[in-house]
$ cat data_38.cif   # mmCIF, C-alpha atoms
data_structure
#
loop_
_atom_site.group_PDB
_atom_site.id
_atom_site.type_symbol
_atom_site.label_atom_id
_atom_site.label_comp_id
_atom_site.auth_asym_id
_atom_site.auth_seq_id
_atom_site.Cartn_x
_atom_site.Cartn_y
_atom_site.Cartn_z
ATOM 1 C CA MET A 1 -38.693 -23.990 -112.269
ATOM 2 C CA SER A 2 -36.126 -22.034 -114.141
ATOM 3 C CA ARG A 3 -33.707 -23.080 -116.843
ATOM 4 C CA GLY A 4 -31.547 -26.024 -116.066
ATOM 5 C CA GLY A 5 -34.170 -27.473 -113.748
ATOM 6 C CA LYS A 6 -33.261 -25.382 -110.691
ATOM 7 C CA SER A 7 -35.798 -23.540 -108.659
ATOM 8 C CA PRO A 8 -35.482 -19.733 -108.335
ATOM 9 C CA THR A 9 -34.668 -20.177 -104.617
ATOM 10 C CA VAL A 10 -31.754 -22.556 -105.251
ATOM 11 C CA SER A 11 -30.422 -20.256 -107.991
ATOM 12 C CA THR A 12 -30.560 -17.234 -105.649
ATOM 13 C CA ILE A 13 -28.776 -19.099 -102.840
ATOM 14 C CA GLN A 14 -26.015 -20.205 -105.218
ATOM 15 C CA THR A 15 -25.586 -16.614 -106.472
ATOM 16 C CA ILE A 16 -25.329 -15.278 -102.894
ATOM 17 C CA GLN A 17 -22.793 -17.980 -101.990
ATOM 18 C CA ARG A 18 -20.650 -16.997 -104.980
ATOM 19 C CA MET A 19 -20.831 -13.292 -103.942
ATOM 20 C CA ARG A 20 -19.939 -13.810 -100.269
ATOM 21 C CA PRO A 21 -16.202 -14.228 -100.901
ATOM 22 C CA GLN A 22 -16.209 -10.962 -102.891
ATOM 23 C CA VAL A 23 -18.125 -9.087 -100.167
ATOM 24 C CA ALA A 24 -15.962 -10.592 -97.425
ATOM 25 C CA ALA A 25 -12.845 -9.553 -99.314
ATOM 26 C CA SER A 26 -14.142 -5.963 -99.583
ATOM 27 C CA PHE A 27 -14.765 -5.589 -95.793
ATOM 28 C CA PRO A 28 -11.091 -4.921 -94.945
ATOM 29 C CA VAL A 29 -11.014 -2.274 -97.671
ATOM 30 C CA LEU A 30 -14.242 -0.770 -96.346
ATOM 31 C CA TRP A 31 -12.887 -0.702 -92.769
ATOM 32 C CA ARG A 32 -9.664 0.923 -93.939
ATOM 33 C CA LEU A 33 -11.675 3.568 -95.771
ATOM 34 C CA ILE A 34 -13.841 4.236 -92.687
ATOM 35 C CA ALA A 35 -10.725 4.410 -90.469
ATOM 36 C CA LEU A 36 -9.111 6.843 -92.888
ATOM 37 C CA LEU A 37 -12.207 9.058 -92.954
ATOM 38 C CA ILE A 38 -12.381 9.061 -89.150
ATOM 39 C CA ALA A 39 -8.693 9.945 -88.943
ATOM 40 C CA PHE A 40 -9.176 12.899 -91.288
ATOM 41 C CA ALA A 41 -12.228 14.056 -89.344
ATOM 42 C CA VAL A 42 -10.743 13.659 -85.840
ATOM 43 C CA ALA A 43 -7.110 14.713 -86.393
ATOM 44 C CA PRO A 44 -7.820 18.407 -87.139
ATOM 45 C CA THR A 45 -10.207 18.603 -84.196
ATOM 46 C CA VAL A 46 -7.623 17.158 -81.815
ATOM 47 C CA ALA A 47 -4.850 19.323 -83.252
ATOM 48 C CA PHE A 48 -6.886 22.541 -82.912
ATOM 49 C CA ALA A 49 -8.031 21.610 -79.409
ATOM 50 C CA GLN A 50 -4.437 20.972 -78.341
ATOM 51 C CA GLY A 51 -3.384 24.285 -79.900
ATOM 52 C CA ARG A 52 -6.011 26.206 -77.949
ATOM 53 C CA ASP A 53 -5.095 24.415 -74.738
ATOM 54 C CA HIS A 54 -1.408 25.083 -75.347
ATOM 55 C CA ASP A 55 -2.043 28.786 -76.003
ATOM 56 C CA HIS A 56 -4.247 29.019 -72.916
ATOM 57 C CA ASN A 57 -1.528 27.627 -70.657
ATOM 58 C CA ARG A 58 1.433 29.369 -72.257
ATOM 59 C CA VAL A 59 3.892 31.305 -70.167
ATOM 60 C CA HIS A 60 3.579 35.058 -70.613
ATOM 61 C CA VAL A 61 6.175 36.960 -72.592
ATOM 62 C CA ALA A 62 8.358 38.932 -70.158
ATOM 63 C CA ASP A 63 8.154 42.125 -72.253
ATOM 64 C CA SER A 64 4.386 42.105 -72.869
ATOM 65 C CA ILE A 65 1.444 43.400 -70.878
ATOM 66 C CA VAL A 66 -1.046 41.226 -72.767
ATOM 67 C CA GLY A 67 -3.096 39.401 -70.140
ATOM 68 C CA SER A 68 -5.179 40.096 -67.044
ATOM 69 C CA TRP A 69 -4.079 42.044 -63.994
ATOM 70 C CA VAL A 70 -5.187 42.932 -60.456
ATOM 71 C CA VAL A 71 -4.721 46.682 -60.050
ATOM 72 C CA GLN A 72 -3.988 48.457 -56.788
ATOM 73 C CA VAL A 73 -4.729 52.171 -57.131
ATOM 74 C CA PHE A 74 -3.116 54.687 -54.756
ATOM 75 C CA PRO A 75 -4.656 58.132 -55.441
ATOM 76 C CA ASN A 76 -3.019 61.296 -54.157
ATOM 77 C CA SER A 77 -5.184 63.819 -52.288
ATOM 78 C CA PRO A 78 -7.886 64.995 -53.084
ATOM 79 C CA GLY A 79 -8.635 61.666 -54.765
ATOM 80 C CA PRO A 80 -10.597 58.768 -53.290
ATOM 81 C CA PRO A 81 -9.081 56.245 -50.856
ATOM 82 C CA PRO A 82 -6.954 53.383 -52.289
ATOM 83 C CA LEU A 83 -8.931 50.857 -54.311
ATOM 84 C CA LYS A 84 -8.571 47.695 -56.397
ATOM 85 C CA ASN A 85 -9.884 46.784 -59.807
ATOM 86 C CA LEU A 86 -9.215 44.392 -62.697
ATOM 87 C CA PHE A 87 -7.518 45.231 -65.973
ATOM 88 C CA THR A 88 -7.059 43.272 -69.221
ATOM 89 C CA CYS A 89 -4.810 44.089 -72.173
ATOM 90 C CA THR A 90 -5.492 42.294 -75.441
ATOM 91 C CA GLU A 91 -3.013 41.521 -78.227
ATOM 92 C CA ASP A 92 -4.661 44.052 -80.549
ATOM 93 C CA GLY A 93 -3.989 47.021 -78.209
ATOM 94 C CA SER A 94 -7.413 47.139 -76.544
ATOM 95 C CA ALA A 95 -7.776 47.594 -72.791
ATOM 96 C CA ILE A 96 -10.678 46.730 -70.468
ATOM 97 C CA ASN A 97 -10.864 47.959 -66.887
ATOM 98 C CA THR A 98 -13.443 46.767 -64.349
ATOM 99 C CA ASP A 99 -13.955 48.678 -61.133
ATOM 100 C CA PRO A 100 -16.554 47.753 -58.472
ATOM 101 C CA THR A 101 -17.548 51.425 -58.039
ATOM 102 C CA PHE A 102 -17.032 53.064 -61.426
ATOM 103 C CA GLY A 103 -18.063 50.124 -63.605
ATOM 104 C CA THR A 104 -16.325 49.022 -66.798
ATOM 105 C CA GLY A 105 -13.960 51.151 -68.845
ATOM 106 C CA HIS A 106 -12.741 50.585 -72.369
ATOM 107 C CA GLY A 107 -9.588 51.902 -73.938
ATOM 108 C CA ILE A 108 -6.227 51.303 -75.526
ATOM 109 C CA TRP A 109 -2.625 50.532 -74.633
ATOM 110 C CA GLN A 110 0.614 51.055 -76.513
ATOM 111 C CA LYS A 111 4.211 49.920 -76.108
ATOM 112 C CA LEU A 112 6.477 52.966 -75.965
ATOM 113 C CA ALA A 113 9.838 51.271 -75.400
ATOM 114 C CA PRO A 114 11.101 47.997 -73.936
ATOM 115 C CA ARG A 115 9.107 47.406 -70.729
ATOM 116 C CA THR A 116 7.430 50.842 -70.991
ATOM 117 C CA PHE A 117 3.756 51.264 -71.874
ATOM 118 C CA ALA A 118 1.048 53.917 -72.128
ATOM 119 C CA VAL A 119 -2.588 53.216 -71.240
ATOM 120 C CA LYS A 120 -5.799 55.217 -71.636
ATOM 121 C CA PHE A 121 -9.384 54.170 -70.947
ATOM 122 C CA LEU A 122 -12.782 55.824 -70.532
ATOM 123 C CA ILE A 123 -15.653 55.148 -68.139
ATOM 124 C CA LEU A 124 -19.134 56.703 -68.263
ATOM 125 C CA VAL A 125 -20.323 57.861 -64.829
ATOM 126 C CA PRO A 126 -23.170 55.570 -63.758
ATOM 127 C CA PRO A 127 -26.413 56.816 -62.142
ATOM 128 C CA GLY A 128 -26.139 57.531 -58.411
ATOM 129 C CA PHE A 129 -22.367 58.012 -58.513
ATOM 130 C CA ASP A 130 -21.058 59.709 -55.354
ATOM 131 C CA PRO A 131 -20.047 62.551 -55.452
ATOM 132 C CA PRO A 132 -22.843 63.439 -57.851
ATOM 133 C CA TYR A 133 -21.670 64.240 -61.351
ATOM 134 C CA PRO A 134 -23.991 64.571 -64.333
ATOM 135 C CA LEU A 135 -25.043 61.198 -65.722
ATOM 136 C CA GLU A 136 -22.624 59.968 -68.393
ATOM 137 C CA SER A 137 -19.832 62.328 -67.347
ATOM 138 C CA ILE A 138 -16.649 60.903 -68.783
ATOM 139 C CA ILE A 139 -13.908 59.554 -66.543
ATOM 140 C CA THR A 140 -10.619 59.422 -68.450
ATOM 141 C CA VAL A 141 -7.808 57.457 -66.830
ATOM 142 C CA SER A 142 -4.398 57.640 -68.453
ATOM 143 C CA SER A 143 -0.797 56.783 -67.829
ATOM 144 C CA GLU A 144 2.004 57.700 -70.157
ATOM 145 C CA SER A 145 4.752 55.712 -68.474
ATOM 146 C CA LEU A 146 3.978 52.338 -66.914
ATOM 147 C CA THR A 147 7.007 50.111 -66.322
ATOM 148 C CA LEU A 148 6.928 46.307 -66.513
ATOM 149 C CA ASN A 149 9.392 44.513 -64.183
ATOM 150 C CA LEU A 150 12.019 42.075 -65.496
ATOM 151 C CA GLN A 151 9.919 39.021 -64.536
ATOM 152 C CA GLY A 152 6.971 40.385 -66.536
ATOM 153 C CA ASP A 153 4.521 39.952 -63.658
ATOM 154 C CA GLU A 154 4.230 43.478 -62.200
ATOM 155 C CA ILE A 155 3.629 46.938 -63.663
ATOM 156 C CA THR A 156 4.056 50.210 -61.768
ATOM 157 C CA GLY A 157 3.741 53.870 -62.599
ATOM 158 C CA PRO A 158 1.828 57.115 -62.330
ATOM 159 C CA PHE A 159 -1.712 57.769 -63.543
ATOM 160 C CA LYS A 160 -4.062 60.711 -63.941
ATOM 161 C CA THR A 161 -7.863 60.658 -63.731
ATOM 162 C CA VAL A 162 -9.986 63.474 -65.178
ATOM 163 C CA ILE A 163 -13.798 63.686 -64.933
ATOM 164 C CA THR A 164 -15.397 65.870 -67.617
ATOM 165 C CA HIS A 165 -18.938 67.117 -68.218
ATOM 166 C CA PRO A 166 -20.761 64.958 -70.805
ATOM 167 C CA ILE A 167 -21.985 67.942 -72.852
ATOM 168 C CA THR A 168 -19.578 70.839 -72.338
ATOM 169 C CA GLY A 169 -16.382 68.825 -71.863
ATOM 170 C CA GLU A 170 -15.550 71.057 -68.895
ATOM 171 C CA GLN A 171 -13.222 69.455 -66.343
ATOM 172 C CA LEU A 172 -15.223 68.738 -63.174
ATOM 173 C CA PHE A 173 -12.572 67.010 -61.060
ATOM 174 C CA SER A 174 -9.146 65.425 -61.386
ATOM 175 C CA PHE A 175 -6.574 63.583 -59.340
ATOM 176 C CA ASP A 176 -3.403 61.614 -59.875
ATOM 177 C CA GLY A 177 -1.485 58.883 -58.090
ATOM 178 C CA THR A 178 0.336 55.617 -58.654
ATOM 179 C CA VAL A 179 -0.748 52.116 -59.616
ATOM 180 C CA THR A 180 0.672 48.645 -59.150
ATOM 181 C CA LEU A 181 -0.628 45.870 -61.401
ATOM 182 C CA ASN A 182 0.021 42.202 -60.635
ATOM 183 C CA ARG A 183 -0.439 39.662 -63.414
ATOM 184 C CA ILE A 184 -3.109 36.994 -62.851
ATOM 185 C CA GLU A 185 -1.383 33.625 -63.372
ATOM 186 C CA PHE A 186 -2.042 29.926 -62.844
#
$ encode --input "data_38.cif" --output "structure tokens"
Amino acid sequence: MSRGGKSPTVSTIQTIQRMRPQVAASFPVLWRLIALLIAFAVAPTVAFAQGRDHDHNRVHVADSIVGSWVVQVFPNSPGPPPLKNLFTCTEDGSAINTDPTFGTGHGIWQKLAPRTFAVKFLILVPPGFDPPYPLESIITVSSESLTLNLQGDEITGPFKTVITHPITGEQLFSFDGTVTLNRIEF
């Protein structure tokens, strides 16, 4: 027995009973704190996710070529027959071209005037390329005057392709023609 004639068990039970109202009163505060922490943790995640989704679905700017395009290439003689490839322009001025025959090209683009753009990209000749050029010959494709239509969904203009020797830089072959690019959209 402890002081006052109560057993330790009775004393402990009475202490717990006196504490319960204090603990019960602190639960709403605890839940508010947890809710607040969850709100601060979830809100930025939701906001950033909505921002990315919004940017992904945004309507293109009518005077910008940033985006992805299907390219129809119409070479003049003695160039190859007409072909299609894919082209992407990034906001930082980079350009990526993908062609089923030539492979992938990397380059740059620049705005020259309203709705007028220049593009240049390079491709390394892959093994087994027909007609046979030395491995890693450089294919340079350029256009100094591509025009974007008023709707911002089509680009047209001339291009020039030059294939040069990988070591000497000597021009091996060239051709020109026109291209039409159609924006890929949802």
$ resolve_selection --input "data_38.cif" --expression "the PyMOL selection byres ((chain A and resi 154) around 9)" --output "list in words"
Trp69, Thr147, Leu148, Asn149, Leu150, Gln151, Gly152, Asp153, Ile155, Thr156, Thr180, Leu181, Asn182 and Arg183 of chain A
$ resolve_selection --input "data_38.cif" --expression "the PyMOL selection byres ((chain A and resi 179) around 12)" --output "PyMOL selection string"
chain A and resi 69-76+82-87+119+141-143+145-148+154-161+176-178+180-182
$ write_last_selection --input "data_38.cif" --atoms "C-alpha atoms" --output "PDB file, keeping the file's coordinate frame"
ATOM      1  CA  TRP A  69      -4.079  42.044 -63.994  1.00  0.00           C
ATOM      2  CA  VAL A  70      -5.187  42.932 -60.456  1.00  0.00           C
ATOM      3  CA  VAL A  71      -4.721  46.682 -60.050  1.00  0.00           C
ATOM      4  CA  GLN A  72      -3.988  48.457 -56.788  1.00  0.00           C
ATOM      5  CA  VAL A  73      -4.729  52.171 -57.131  1.00  0.00           C
ATOM      6  CA  PHE A  74      -3.116  54.687 -54.756  1.00  0.00           C
ATOM      7  CA  PRO A  75      -4.656  58.132 -55.441  1.00  0.00           C
ATOM      8  CA  ASN A  76      -3.019  61.296 -54.157  1.00  0.00           C
ATOM      9  CA  PRO A  82      -6.954  53.383 -52.289  1.00  0.00           C
ATOM     10  CA  LEU A  83      -8.931  50.857 -54.311  1.00  0.00           C
ATOM     11  CA  LYS A  84      -8.571  47.695 -56.397  1.00  0.00           C
ATOM     12  CA  ASN A  85      -9.884  46.784 -59.807  1.00  0.00           C
ATOM     13  CA  LEU A  86      -9.215  44.392 -62.697  1.00  0.00           C
ATOM     14  CA  PHE A  87      -7.518  45.231 -65.973  1.00  0.00           C
ATOM     15  CA  VAL A 119      -2.588  53.216 -71.240  1.00  0.00           C
ATOM     16  CA  VAL A 141      -7.808  57.457 -66.830  1.00  0.00           C
ATOM     17  CA  SER A 142      -4.398  57.640 -68.453  1.00  0.00           C
ATOM     18  CA  SER A 143      -0.797  56.783 -67.829  1.00  0.00           C
ATOM     19  CA  SER A 145       4.752  55.712 -68.474  1.00  0.00           C
ATOM     20  CA  LEU A 146       3.978  52.338 -66.914  1.00  0.00           C
ATOM     21  CA  THR A 147       7.007  50.111 -66.322  1.00  0.00           C
ATOM     22  CA  LEU A 148       6.928  46.307 -66.513  1.00  0.00           C
ATOM     23  CA  GLU A 154       4.230  43.478 -62.200  1.00  0.00           C
ATOM     24  CA  ILE A 155       3.629  46.938 -63.663  1.00  0.00           C
ATOM     25  CA  THR A 156       4.056  50.210 -61.768  1.00  0.00           C
ATOM     26  CA  GLY A 157       3.741  53.870 -62.599  1.00  0.00           C
ATOM     27  CA  PRO A 158       1.828  57.115 -62.330  1.00  0.00           C
ATOM     28  CA  PHE A 159      -1.712  57.769 -63.543  1.00  0.00           C
ATOM     29  CA  LYS A 160      -4.062  60.711 -63.941  1.00  0.00           C
ATOM     30  CA  THR A 161      -7.863  60.658 -63.731  1.00  0.00           C
ATOM     31  CA  ASP A 176      -3.403  61.614 -59.875  1.00  0.00           C
ATOM     32  CA  GLY A 177      -1.485  58.883 -58.090  1.00  0.00           C
ATOM     33  CA  THR A 178       0.336  55.617 -58.654  1.00  0.00           C
ATOM     34  CA  THR A 180       0.672  48.645 -59.150  1.00  0.00           C
ATOM     35  CA  LEU A 181      -0.628  45.870 -61.401  1.00  0.00           C
ATOM     36  CA  ASN A 182       0.021  42.202 -60.635  1.00  0.00           C
TER      37      ASN A 182
END
$ resolve_selection --input "data_38.cif" --expression "the PyMOL selection byres ((chain A and resi 62-66) around 6)" --output "list in words"
Val61, Gly67, Cys89, Thr90, Glu91, Arg115, Gln151 and Gly152 of chain A
$ atom_distance --input "data_38.cif" --atom1 "atom CA of A:Glu144" --atom2 "atom CA of A:Ile96"
16.8 Å
$ atom_distance --input "data_38.cif" --atom1 "atom CA of A:Gly79" --atom2 "atom CA of A:Gly107"
21.5 Å
$ residues_near_point --input "data_38.cif" --point "(-22.4, 64.1, -67.2)" --cutoff "10 Å" --atoms "only C-alpha atoms" --output "list in words"
Leu124, Val125, Pro126, Pro127, Pro132, Tyr133, Pro134, Leu135, Glu136, Ser137, Ile138, Ile139, Ile163, Thr164, His165, Pro166, Ile167, Thr168, Gly169, Glu170 and Leu172 of chain A
$ write_last_selection --input "data_38.cif" --atoms "C-alpha atoms" --output "PDB file, keeping the file's coordinate frame"
ATOM      1  CA  LEU A 124     -19.134  56.703 -68.263  1.00  0.00           C
ATOM      2  CA  VAL A 125     -20.323  57.861 -64.829  1.00  0.00           C
ATOM      3  CA  PRO A 126     -23.170  55.570 -63.758  1.00  0.00           C
ATOM      4  CA  PRO A 127     -26.413  56.816 -62.142  1.00  0.00           C
ATOM      5  CA  PRO A 132     -22.843  63.439 -57.851  1.00  0.00           C
ATOM      6  CA  TYR A 133     -21.670  64.240 -61.351  1.00  0.00           C
ATOM      7  CA  PRO A 134     -23.991  64.571 -64.333  1.00  0.00           C
ATOM      8  CA  LEU A 135     -25.043  61.198 -65.722  1.00  0.00           C
ATOM      9  CA  GLU A 136     -22.624  59.968 -68.393  1.00  0.00           C
ATOM     10  CA  SER A 137     -19.832  62.328 -67.347  1.00  0.00           C
ATOM     11  CA  ILE A 138     -16.649  60.903 -68.783  1.00  0.00           C
ATOM     12  CA  ILE A 139     -13.908  59.554 -66.543  1.00  0.00           C
ATOM     13  CA  ILE A 163     -13.798  63.686 -64.933  1.00  0.00           C
ATOM     14  CA  THR A 164     -15.397  65.870 -67.617  1.00  0.00           C
ATOM     15  CA  HIS A 165     -18.938  67.117 -68.218  1.00  0.00           C
ATOM     16  CA  PRO A 166     -20.761  64.958 -70.805  1.00  0.00           C
ATOM     17  CA  ILE A 167     -21.985  67.942 -72.852  1.00  0.00           C
ATOM     18  CA  THR A 168     -19.578  70.839 -72.338  1.00  0.00           C
ATOM     19  CA  GLY A 169     -16.382  68.825 -71.863  1.00  0.00           C
ATOM     20  CA  GLU A 170     -15.550  71.057 -68.895  1.00  0.00           C
ATOM     21  CA  LEU A 172     -15.223  68.738 -63.174  1.00  0.00           C
TER      22      LEU A 172
END
$ atom_distance --input "data_38.cif" --atom1 "atom CA of A:Trp109" --atom2 "atom CA of A:Pro80"
24.2 Å
$ closest_residue --input "data_38.cif" --among "A:Ser68, A:Asp130, A:Thr88, A:Ala118" --to "A:Thr101" --atoms "all atoms listed in the file"
A:Asp130
$ closest_residue --input "data_38.cif" --among "A:Pro131, A:Ile123, A:Glu185, A:Lys111" --to "A:Asp92" --atoms "all atoms listed in the file"
A:Lys111
